[in-house]
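K.L.:
One structure follows; several queries about it will come next.
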Amino acid sequence: MNLSKLAYKLRRDVVDMIVSGKGGHIGGDMSVMEVLVALYFKEMDVTPENFGKGVHDHFVMSKGHSVEALYAVLAEKGFFPIKEVIEKFSKFGSPFIGHPNNKLPGIEMNSGALGHGLPVAVGMAIAEKMNKTDQRVYVVMGDGEQAEGSVWEGAMAGANYHLDNLCAVLDRNRLQISGTTEEVMALDNLKDKWSSFGWEVINVADGNSVDELIAAFEQAKTVKGRPSLVLANTVKGKGSPVMENKASWHHHVPSTEEYQQIMADLKQHEEEA
Ligand SMILES: Cc1ncc(C[n+]2csc(CCOP(=O)(O)OP(=O)(O)O)c2C)c(N)n1
Ligand SMILES: [Mg+2]
């Protein structure tokens, strides 16, 4: 399977979800898509068959507002039908609500309140160490999310407990809800910050490249004695100039004209990938 093509196909599912549900965090869905595709279709051992049986790798979507991207990937993995997600997303009484919830198959942790995913992932990784398994724990955070103090408590704990079965991904799209991260809460230099907390930092120059991400995740598996942070330099709104690098597209429903342009751009990317 061509995973780069798949990422663009799944982006179109996300846009359909958001139009159907009349709301959604489109910018961060687009930036994180290759990260999720690389994890679910190459790196992680988790399937509808083994989920919940205590034998699979773990995934925590700490930037829970990007749930639409997660739904698209889980649907492609066979956890639930994409048609049902698009039809019911964000509607009254729907199981497919606007943030991850663990009543759905494939989702282990409720998230949405930023800053909680890494601490929980640290706990999961400690548990797997105690059980002497080789299961790994992955957690995806946003860059705006780095303003949460609990992220840094989790960072300290991960290094303290030598969690080399833990790999965090930082979706470095340089925007958060109301502007650039450097305006709202300056973050640089993130590499130095995470290194000084005792983590192996693996920089991915193009965090929307499936190949570069897979290489980073493979490298993370070889690190011993400390957790890894994959610093994925991505583009918020990736896939169409209509939405790329625009803070106003953090949460946005495309108009009919925007929808047509975005879908055409995504289709073209898919064909060229
Ligand atoms: C504790 C908490 N505070 C505030 C929010 C509101 N909020 C939702 S998304 C967001 C911005 C997140 O930015 P970032 O982590 O950079 O996400 P991305 O750019 O990947 O969408 C904020 C502040 C929240 N969900 N949780
Ligand atoms: Mg961001």
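Residues in the structure tokens are numbered from 1 in each chain, the chains being A, B, ... in the order shown, and ligands are numbered from 1 in the order shown.
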How would you write, as a ChimeraX atom specification, the set of residues no farther than 9 Å from ligand 1 when counting only C-alpha atoms and all ligand atoms?

P.N.:
/A:25-32,62-66,111-116,141-148,170-178,180-181,236,247,250-251

K.L.:
Write to file, as an mmCIF file, in the first residue's frame, the residues of the selection just made, with C-alpha atoms.

P.N.:
data_model
loop_
_atom_site.group_PDB
_atom_site.id
_atom_site.type_symbol
_atom_site.label_atom_id
_atom_site.label_comp_id
_atom_site.auth_asym_id
_atom_site.auth_seq_id
_atom_site.Cartn_x
_atom_site.Cartn_y
_atom_site.Cartn_z
ATOM 1 C CA HIS A 25 -10.398 20.854 14.065
ATOM 2 C CA ILE A 26 -9.365 20.640 10.455
ATOM 3 C CA GLY A 27 -5.885 22.248 10.589
ATOM 4 C CA GLY A 28 -4.396 19.837 13.137
ATOM 5 C CA ASP A 29 -6.060 16.838 11.442
ATOM 6 C CA MET A 30 -4.232 17.677 8.241
ATOM 7 C CA SER A 31 -0.822 18.222 9.876
ATOM 8 C CA VAL A 32 -0.895 14.944 11.815
ATOM 9 C CA SER A 62 -3.071 13.660 23.475
ATOM 10 C CA LYS A 63 -4.048 16.461 21.078
ATOM 11 C CA GLY A 64 -7.547 15.015 21.219
ATOM 12 C CA HIS A 65 -9.112 17.751 19.112
ATOM 13 C CA SER A 66 -7.556 16.028 16.059
ATOM 14 C CA SER A 111 -8.562 13.055 25.673
ATOM 15 C CA GLY A 112 -9.210 16.621 24.651
ATOM 16 C CA ALA A 113 -8.092 18.517 27.733
ATOM 17 C CA LEU A 114 -4.531 19.130 26.586
ATOM 18 C CA GLY A 115 -1.544 18.033 28.634
ATOM 19 C CA HIS A 116 -2.843 14.703 29.940
ATOM 20 C CA MET A 141 1.078 15.898 21.305
ATOM 21 C CA GLY A 142 0.573 19.313 19.740
ATOM 22 C CA ASP A 143 3.109 22.109 19.906
ATOM 23 C CA GLY A 144 0.623 24.527 21.499
ATOM 24 C CA GLU A 145 0.045 21.725 24.016
ATOM 25 C CA GLN A 146 3.633 22.146 25.191
ATOM 26 C CA ALA A 147 2.414 25.136 27.234
ATOM 27 C CA GLU A 148 0.798 22.666 29.671
ATOM 28 C CA LEU A 170 5.357 16.333 18.695
ATOM 29 C CA ASP A 171 3.266 17.716 15.826
ATOM 30 C CA ARG A 172 5.365 20.845 15.291
ATOM 31 C CA ASN A 173 3.047 22.786 12.981
ATOM 32 C CA ARG A 174 3.977 26.139 14.568
ATOM 33 C CA LEU A 175 0.367 27.212 15.076
ATOM 34 C CA GLN A 176 -2.071 26.775 17.897
ATOM 35 C CA ILE A 177 -5.616 27.990 18.469
ATOM 36 C CA SER A 178 -5.204 31.757 18.100
ATOM 37 C CA THR A 180 1.667 31.133 16.056
ATOM 38 C CA THR A 181 3.128 29.204 18.955
ATOM 39 C CA LYS A 236 -0.979 22.885 9.674
ATOM 40 C CA ALA A 247 -4.505 29.934 12.296
ATOM 41 C CA HIS A 250 -7.610 25.543 13.485
ATOM 42 C CA HIS A 251 -11.372 24.929 13.754
#

K.L.:
Which residues come within 12 Å of Thr256 (chain A), counting only C-alpha atoms, excluding same-chain residues fewer than 6 positions away, as a VMD selection string?

P.N.:
chain A and resid 15 to 16 19 262 to 263

K.L.:
Might you pull out every residue within 8 Å of region 7-10 of chain A, with only C-alpha atoms counted and same-chain residues fewer than 2 positions away left off, and present them as a PyMOL selection string?

P.N.:
chain A and resi 3-5+12-14+33-34+37+69+72-73+239+266-267+269-270

K.L.:
Env of Tyr161 (chain A): 9 Å cut, atoms = only C-alpha atoms, seq-sep filter 2 positions within chain, self excluded. Answer as a ChimeraX atom specification.

P.N.:
/A:122,126,156-159,163-164,225-226

K.L.:
Just C-alpha atoms for this one: save the residues we selected as an mmCIF file, in the first residue's frame.

P.N.:
data_model
loop_
_atom_site.group_PDB
_atom_site.id
_atom_site.type_symbol
_atom_site.label_atom_id
_atom_site.label_comp_id
_atom_site.auth_asym_id
_atom_site.auth_seq_id
_atom_site.Cartn_x
_atom_site.Cartn_y
_atom_site.Cartn_z
ATOM 1 C CA VAL A 122 4.155 7.228 30.933
ATOM 2 C CA ILE A 126 5.738 1.700 33.225
ATOM 3 C CA MET A 156 10.690 14.176 33.702
ATOM 4 C CA ALA A 157 8.957 10.951 34.734
ATOM 5 C CA GLY A 158 9.580 9.277 31.365
ATOM 6 C CA ALA A 159 13.306 9.878 31.669
ATOM 7 C CA LEU A 163 11.069 4.314 29.437
ATOM 8 C CA ASP A 164 12.677 3.210 26.200
ATOM 9 C CA GLY A 225 17.484 3.489 28.580
ATOM 10 C CA ARG A 226 15.467 6.608 27.736
#

K.L.:
Restricting the calculation to only C-alpha atoms and all ligand atoms: of A:Ala232, A:Ile107, A:Val46, A:Ala38, which residue gets closest to ligand 2?

P.N.:
A:Ala232

K.L.:
Residues of region 138-188 of chain A that have any atom at most 10 Å from an atom of region 216-224 of chain A: could you tabulate them with the shortest-distance atom pair and the distance in Å to one decimal, using only C-alpha atoms, ordered by chain and increasing number, as CSV?

P.N.:
residue,atom,partner,partner_atom,distance
A:Tyr138,CA,A:Phe217,CA,9.9
A:His162,CA,A:Lys224,CA,8.2
A:Leu163,CA,A:Lys224,CA,8.5
A:Asp164,CA,A:Lys224,CA,5.6
A:Asn165,CA,A:Lys221,CA,7.6
A:Leu166,CA,A:Ala220,CA,8.9
A:Cys167,CA,A:Ala220,CA,7.0
A:Ala168,CA,A:Ala220,CA,9.7
A:Val169,CA,A:Phe217,CA,9.5

K.L.:
Show which residues sit within 10 Å of region 91-95 of chain A, as a list in words. Count only C-alpha atoms, and ignore same-chain residues fewer than 6 positions away.

P.N.:
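Within the cut-off, the hits are Ser20, Gly21, Lys22, Glu84, Val85, Asn101, Lys103 and Leu104 of chain A.
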
K.L.:
Based on DSSP run over this structure's backbone, return all residues of region 85-269 of chain A in strand (DSSP E), as number ranges by chain.

P.N.:
A: 137-142, 166-172, 200-204, 228-233

K.L.:
Could you take the residues named above and write them with C-alpha atoms, as a PDB file, in the first residue's frame?

P.N.:
ATOM      1  CA  VAL A 137       3.510   3.113  23.796  1.00  0.00           C
ATOM      2  CA  TYR A 138       3.040   6.027  21.375  1.00  0.00           C
ATOM      3  CA  VAL A 139       1.591   9.420  22.215  1.00  0.00           C
ATOM      4  CA  VAL A 140       0.938  12.371  19.894  1.00  0.00           C
ATOM      5  CA  MET A 141       1.078  15.898  21.305  1.00  0.00           C
ATOM      6  CA  GLY A 142       0.573  19.313  19.740  1.00  0.00           C
ATOM      7  CA  LEU A 166       7.787   5.095  25.081  1.00  0.00           C
ATOM      8  CA  CYS A 167       7.841   7.239  21.953  1.00  0.00           C
ATOM      9  CA  ALA A 168       6.220  10.674  21.941  1.00  0.00           C
ATOM     10  CA  VAL A 169       5.500  12.555  18.730  1.00  0.00           C
ATOM     11  CA  LEU A 170       5.357  16.333  18.695  1.00  0.00           C
ATOM     12  CA  ASP A 171       3.266  17.716  15.826  1.00  0.00           C
ATOM     13  CA  ARG A 172       5.365  20.845  15.291  1.00  0.00           C
ATOM     14  CA  GLU A 200      16.395  11.111  22.769  1.00  0.00           C
ATOM     15  CA  VAL A 201      15.178  13.728  20.288  1.00  0.00           C
ATOM     16  CA  ILE A 202      14.769  12.615  16.669  1.00  0.00           C
ATOM     17  CA  ASN A 203      14.154  15.532  14.347  1.00  0.00           C
ATOM     18  CA  VAL A 204      12.025  14.875  11.262  1.00  0.00           C
ATOM     19  CA  SER A 228      12.261   9.143  22.433  1.00  0.00           C
ATOM     20  CA  LEU A 229      10.638  12.285  21.116  1.00  0.00           C
ATOM     21  CA  VAL A 230       9.972  12.450  17.387  1.00  0.00           C
ATOM     22  CA  LEU A 231       9.933  16.154  16.531  1.00  0.00           C
ATOM     23  CA  ALA A 232       7.797  16.188  13.382  1.00  0.00           C
ATOM     24  CA  ASN A 233       7.982  19.497  11.511  1.00  0.00           C
TER      25      ASN A 233
END

K.L.:
For ligand 2, which residue out of A:Ala264, A:Val184, A:Ile82, A:Val67 is the nearest one, using only C-alpha atoms and all ligand atoms?

P.N.:
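Among the listed residues, the smallest separation from ligand 2 belongs to A:Val184.
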
K.L.:
Among region 173-218 of chain A, which residues does DSSP mark as alpha helix (DSSP H) when it is run on the backbone? Keep the chain and numbering as in the structure and answer as a PyMOL selection string.

P.N.:
chain A and resi 181-184+190-196+210-218

K.L.:
Mind writing the picked residues with N, CA and C atoms as a tab-separated table (two decimals), in the first residue's frame?

P.N.:
chain	number	residue	atom	x	y	z
A	181	THR	N	2.70	29.61	17.61
A	181	THR	CA	3.13	29.20	18.95
A	181	THR	C	4.13	30.22	19.50
A	182	GLU	N	4.95	30.79	18.64
A	182	GLU	CA	5.98	31.69	19.15
A	182	GLU	C	5.37	33.00	19.66
A	183	GLU	N	4.18	33.38	19.12
A	183	GLU	CA	3.47	34.55	19.67
A	183	GLU	C	2.76	34.22	20.98
A	184	VAL	N	2.09	33.06	20.99
A	184	VAL	CA	1.21	32.75	22.12
A	184	VAL	C	2.01	32.27	23.34
A	190	LEU	N	12.88	23.58	21.13
A	190	LEU	CA	12.25	22.37	21.65
A	190	LEU	C	13.21	21.19	21.71
A	191	LYS	N	14.13	21.12	20.73
A	191	LYS	CA	15.09	20.01	20.73
A	191	LYS	C	15.93	20.06	22.01
A	192	ASP	N	16.44	21.26	22.32
A	192	ASP	CA	17.27	21.40	23.52
A	192	ASP	C	16.46	21.14	24.79
A	193	LYS	N	15.22	21.62	24.79
A	193	LYS	CA	14.39	21.43	25.99
A	193	LYS	C	14.20	19.94	26.27
A	194	TRP	N	13.76	19.18	25.25
A	194	TRP	CA	13.49	17.75	25.45
A	194	TRP	C	14.77	16.97	25.72
A	195	SER	N	15.86	17.36	25.06
A	195	SER	CA	17.15	16.68	25.33
A	195	SER	C	17.55	16.90	26.78
A	196	SER	N	17.37	18.12	27.25
A	196	SER	CA	17.80	18.42	28.63
A	196	SER	C	16.93	17.70	29.65
A	210	VAL	N	5.88	10.30	4.99
A	210	VAL	CA	5.71	8.99	5.64
A	210	VAL	C	7.07	8.29	5.77
A	211	ASP	N	7.90	8.37	4.75
A	211	ASP	CA	9.20	7.69	4.78
A	211	ASP	C	10.09	8.23	5.89
A	212	GLU	N	10.15	9.55	6.00
A	212	GLU	CA	10.99	10.14	7.06
A	212	GLU	C	10.46	9.77	8.45
A	213	LEU	N	9.16	9.73	8.58
A	213	LEU	CA	8.57	9.37	9.88
A	213	LEU	C	8.87	7.91	10.23
A	214	ILE	N	8.74	7.03	9.25
A	214	ILE	CA	9.01	5.60	9.52
A	214	ILE	C	10.47	5.43	9.93
A	215	ALA	N	11.38	6.13	9.26
A	215	ALA	CA	12.81	6.04	9.63
A	215	ALA	C	13.00	6.50	11.08
A	216	ALA	N	12.29	7.56	11.47
A	216	ALA	CA	12.42	8.08	12.84
A	216	ALA	C	11.87	7.07	13.86
A	217	PHE	N	10.73	6.45	13.54
A	217	PHE	CA	10.16	5.48	14.48
A	217	PHE	C	11.05	4.24	14.59
A	218	GLU	N	11.67	3.86	13.49
A	218	GLU	CA	12.59	2.71	13.54
A	218	GLU	C	13.81	3.05	14.40

K.L.:
Hey, which of A:Val35, A:Met61, A:Met1, A:Met109 ends up closest to Thr234 (chain A)? Count only C-alpha atoms.

P.N.:
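Comparing A:Val35, A:Met61, A:Met1, A:Met109 against Thr234 (chain A), the winner is A:Val35.
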
K.L.:
What is the CA of Leu6 (chain A) to CA of Ala273 (chain A) distance in Å?

P.N.:
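CA of Leu6 (chain A) sits 9.1 Å away from CA of Ala273 (chain A).
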
K.L.:
CA of Met44 (chain A) to CA of Asn110 (chain A): how many Å, to one decimal?

P.N.:
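Between these atoms lies a distance of 19.6 Å.
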
K.L.:
Select, from A:Gly179, A:Gly23, A:Pro254, A:Gly54, the residue with the minimum atom-to-atom distance to ligand 2, counting only C-alpha atoms and all ligand atoms.

P.N.:
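Looking only at the distances to ligand 2, the closest residue turns out to be A:Gly179.
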
K.L.:
For the atom pair CA of Leu118 (chain A) and CA of Pro227 (chain A), what is the interatomic distance in Å to one decimal place?

P.N.:
11.5 Å
